[in-house]
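Note sheet for the following structure.
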Amino acid sequence: MRGQRGSVTVAAAVGAVLLAAGLIGLGVALSWGLQQFRAAERSVEVKGLSEREVPATLAIWTLMHGDADNDAAALYPRLEARNAKIAAFLAERGFDAKEVTVGAPQVTDRQAQEYGEQGNRLRYFGKATVNVYTPKVDAVRKALGELGELGRRGVAVSGMGENGGVQYVFDDLNSVKPAMIEEATRNARESAQKFATDSRSTLGKIRRANQGQFSISDRDASTPHIKRVRVVSTIEYYLQD
């Protein structure tokens with residue numbers, strides 16, 4: 001009986017030792033795993049910028065003219081005749097017929113307007129527009145400087161606005177998009193690498209990335225035909241000790 005009791009006591013002691021060793025080993029493993037997890041979670045978020053100046057690829061030009069008369073029927077032929085003169089002016093400067101849209105005249109009866117001022121104004125006011133939609137941006141800019149010729153032909157163009165009634169557009173983003181994304185990513189990595197070096201860390205793989213949205217704006221008010229394309233990418237990198 002005593003031998004059996006001794007064997008049980010020894011077995012229990014050995015079991016307790018093994019259990020304790022196992023718990024210690026588990027604790028060490030959990031601690032190491034937690035440290036590795038925390039190390040893997042260390043990261044830095046940076047932004048990378050890319051900008052380009054590009055020429056506009058499209059011009060949308062609106063030429064508006066108007067006239068007034070007490071006889072509505074007399075307005076239409078005058079407006080149509082001026083439309084024809086504007087179309088001829090544009091054709092002489094190399095614009096194709098498919099690039100030019102001549103709008104129908106619109107006539108308003110001022111007396112029919114409830115809150116309109118009467119005074120000595122002529123009763124009917126008519127207006128018409130000719131629109132140019134073209135990739136010939138340089139030709140539009142050149143024609144803007146020759147509008148005096150229309151005045152000599154008896155056509156006064158109104159409503160020209162700050163940029164001469166022209167809207168300049170850049171519609172070829174795909175031609176610059178890949179290179180700009182690459183540049184923004186490279187700039188972001190350079191910033192992340194500098195941070196890692198300063199913090200005595202090693203730069204790891206990308207944890208997450210946001211390409212960012214492209215924006216297109218005029219370079220400045222005096223050169224609306226030159227566009228500034230811009231994108232800011234946000235990238236987060238892992239850091240390692």
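Every chain in the structure tokens has a letter given in the order shown (A, B, ...), and although residue numbers restart at 1 in each chain, ligands are simply numbered from 1 in the order shown.
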Practice problem: Quick one: everything within 8 Å of segment 99-111 of chain A, counting only C-alpha atoms, minus sequence neighbours fewer than 5 positions away in the same chain. Send it as number ranges by chain. | Solution: A: 72, 75-76, 79-80, 83, 87, 116-118, 123-134
Quiz item: Counting only C-alpha atoms, what is within 12 Å of segment 213-218 of chain A, bar same-chain residues fewer than 5 positions away, as JSON, numbers by chain?
Solution: {"A": [49, 50, 51, 52, 53, 54, 55, 56, 163, 167, 168, 169, 170, 171, 172, 173, 174, 176, 177, 178, 180, 181, 184, 223, 224, 225, 226, 227, 228, 229, 230, 231, 232, 233, 234]}
Those residues with C-alpha atoms, as a PDB file, in the first residue's frame please?
ATOM      1  CA  LEU A  49       1.112  64.315 -54.528  1.00  0.00           C
ATOM      2  CA  SER A  50       1.287  64.421 -58.316  1.00  0.00           C
ATOM      3  CA  GLU A  51       0.534  67.461 -60.485  1.00  0.00           C
ATOM      4  CA  ARG A  52       0.596  68.110 -64.222  1.00  0.00           C
ATOM      5  CA  GLU A  53      -0.037  71.145 -66.408  1.00  0.00           C
ATOM      6  CA  VAL A  54      -1.752  70.146 -69.619  1.00  0.00           C
ATOM      7  CA  PRO A  55      -3.335  72.046 -72.538  1.00  0.00           C
ATOM      8  CA  ALA A  56      -7.112  71.977 -72.873  1.00  0.00           C
ATOM      9  CA  ASN A 163     -13.103  84.347 -70.958  1.00  0.00           C
ATOM     10  CA  GLN A 167     -15.201  77.132 -71.680  1.00  0.00           C
ATOM     11  CA  TYR A 168     -11.969  75.161 -71.968  1.00  0.00           C
ATOM     12  CA  VAL A 169     -12.019  71.476 -71.047  1.00  0.00           C
ATOM     13  CA  PHE A 170      -9.419  68.756 -70.588  1.00  0.00           C
ATOM     14  CA  ASP A 171     -11.118  65.447 -71.402  1.00  0.00           C
ATOM     15  CA  ASP A 172      -8.120  63.126 -71.854  1.00  0.00           C
ATOM     16  CA  LEU A 173      -7.425  62.191 -68.237  1.00  0.00           C
ATOM     17  CA  ASN A 174      -6.612  58.582 -69.123  1.00  0.00           C
ATOM     18  CA  VAL A 176      -1.875  61.051 -67.819  1.00  0.00           C
ATOM     19  CA  LYS A 177      -3.600  59.026 -65.106  1.00  0.00           C
ATOM     20  CA  PRO A 178      -1.258  55.983 -64.911  1.00  0.00           C
ATOM     21  CA  MET A 180       0.436  60.393 -62.141  1.00  0.00           C
ATOM     22  CA  ILE A 181      -0.676  57.524 -59.904  1.00  0.00           C
ATOM     23  CA  ALA A 184       2.032  59.932 -56.303  1.00  0.00           C
ATOM     24  CA  THR A 223      -4.720  81.136 -68.937  1.00  0.00           C
ATOM     25  CA  PRO A 224      -7.927  79.066 -68.679  1.00  0.00           C
ATOM     26  CA  HIS A 225      -6.784  77.014 -71.685  1.00  0.00           C
ATOM     27  CA  ILE A 226      -3.986  75.542 -69.539  1.00  0.00           C
ATOM     28  CA  LYS A 227      -5.258  73.066 -66.964  1.00  0.00           C
ATOM     29  CA  ARG A 228      -3.721  71.804 -63.734  1.00  0.00           C
ATOM     30  CA  VAL A 229      -4.400  68.132 -63.029  1.00  0.00           C
ATOM     31  CA  ARG A 230      -3.843  67.039 -59.437  1.00  0.00           C
ATOM     32  CA  VAL A 231      -4.158  63.862 -57.378  1.00  0.00           C
ATOM     33  CA  VAL A 232      -3.247  63.060 -53.766  1.00  0.00           C
ATOM     34  CA  SER A 233      -2.880  59.380 -52.871  1.00  0.00           C
ATOM     35  CA  THR A 234      -3.020  58.179 -49.259  1.00  0.00           C
TER      36      THR A 234
END
Practice problem: Any chance you could list, as a ChimeraX atom specification, the residues in segment 89-229 of chain A that come up helix (DSSP H, G or I) when DSSP is run on the backbone? | Solution: /A:89-92,97-99,110-112,137-144,148-152,173-175,177-198
Wanna dump the segment 109-172 of chain A-segment 88-92 of chain A contacts at 12 Å for me, each residue with its shortest atom pair and the distance in Å to one decimal, counting only C-alpha atoms, ordered by chain and number, as a tab-separated table?
residue	atom	partner	partner_atom	distance
A:Val130	CA	A:Leu90	CA	9.9
A:Asn131	CA	A:Leu90	CA	10.4
A:Val132	CA	A:Leu90	CA	8.7
A:Tyr133	CA	A:Leu90	CA	11.7
A:Thr134	CA	A:Leu90	CA	11.6
A:Lys136	CA	A:Leu90	CA	11.9
A:Ala139	CA	A:Leu90	CA	9.8
A:Val140	CA	A:Leu90	CA	9.2
A:Lys142	CA	A:Leu90	CA	11.1
A:Ala143	CA	A:Leu90	CA	7.9
A:Leu144	CA	A:Leu90	CA	10.5
A:Glu146	CA	A:Phe89	CA	9.5
A:Leu147	CA	A:Phe89	CA	8.9
A:Gly148	CA	A:Phe89	CA	10.9
A:Glu149	CA	A:Phe89	CA	8.2
A:Leu150	CA	A:Phe89	CA	7.2
A:Gly151	CA	A:Phe89	CA	11.0
A:Arg152	CA	A:Phe89	CA	11.4
A:Arg153	CA	A:Phe89	CA	9.6
A:Val155	CA	A:Phe89	CA	10.6
Exercise. Would you work out the distance separating atom CA of Arg219 of chain A from atom CA of Thr57 of chain A, expressed in Å to one decimal?
Key: 14.4 Å
Exercise. Compile the contact shell of Tyr238 of chain A as an MDAnalysis selection string: residues with an atom at most 8 Å away, counting only C-alpha atoms, same-chain residues fewer than 5 positions apart removed.
Key: chainID A and resid 40:44 203:207
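Atom CA of Leu58 of chain A lies 17.4 Å from atom CA of Asp220 of chain A.
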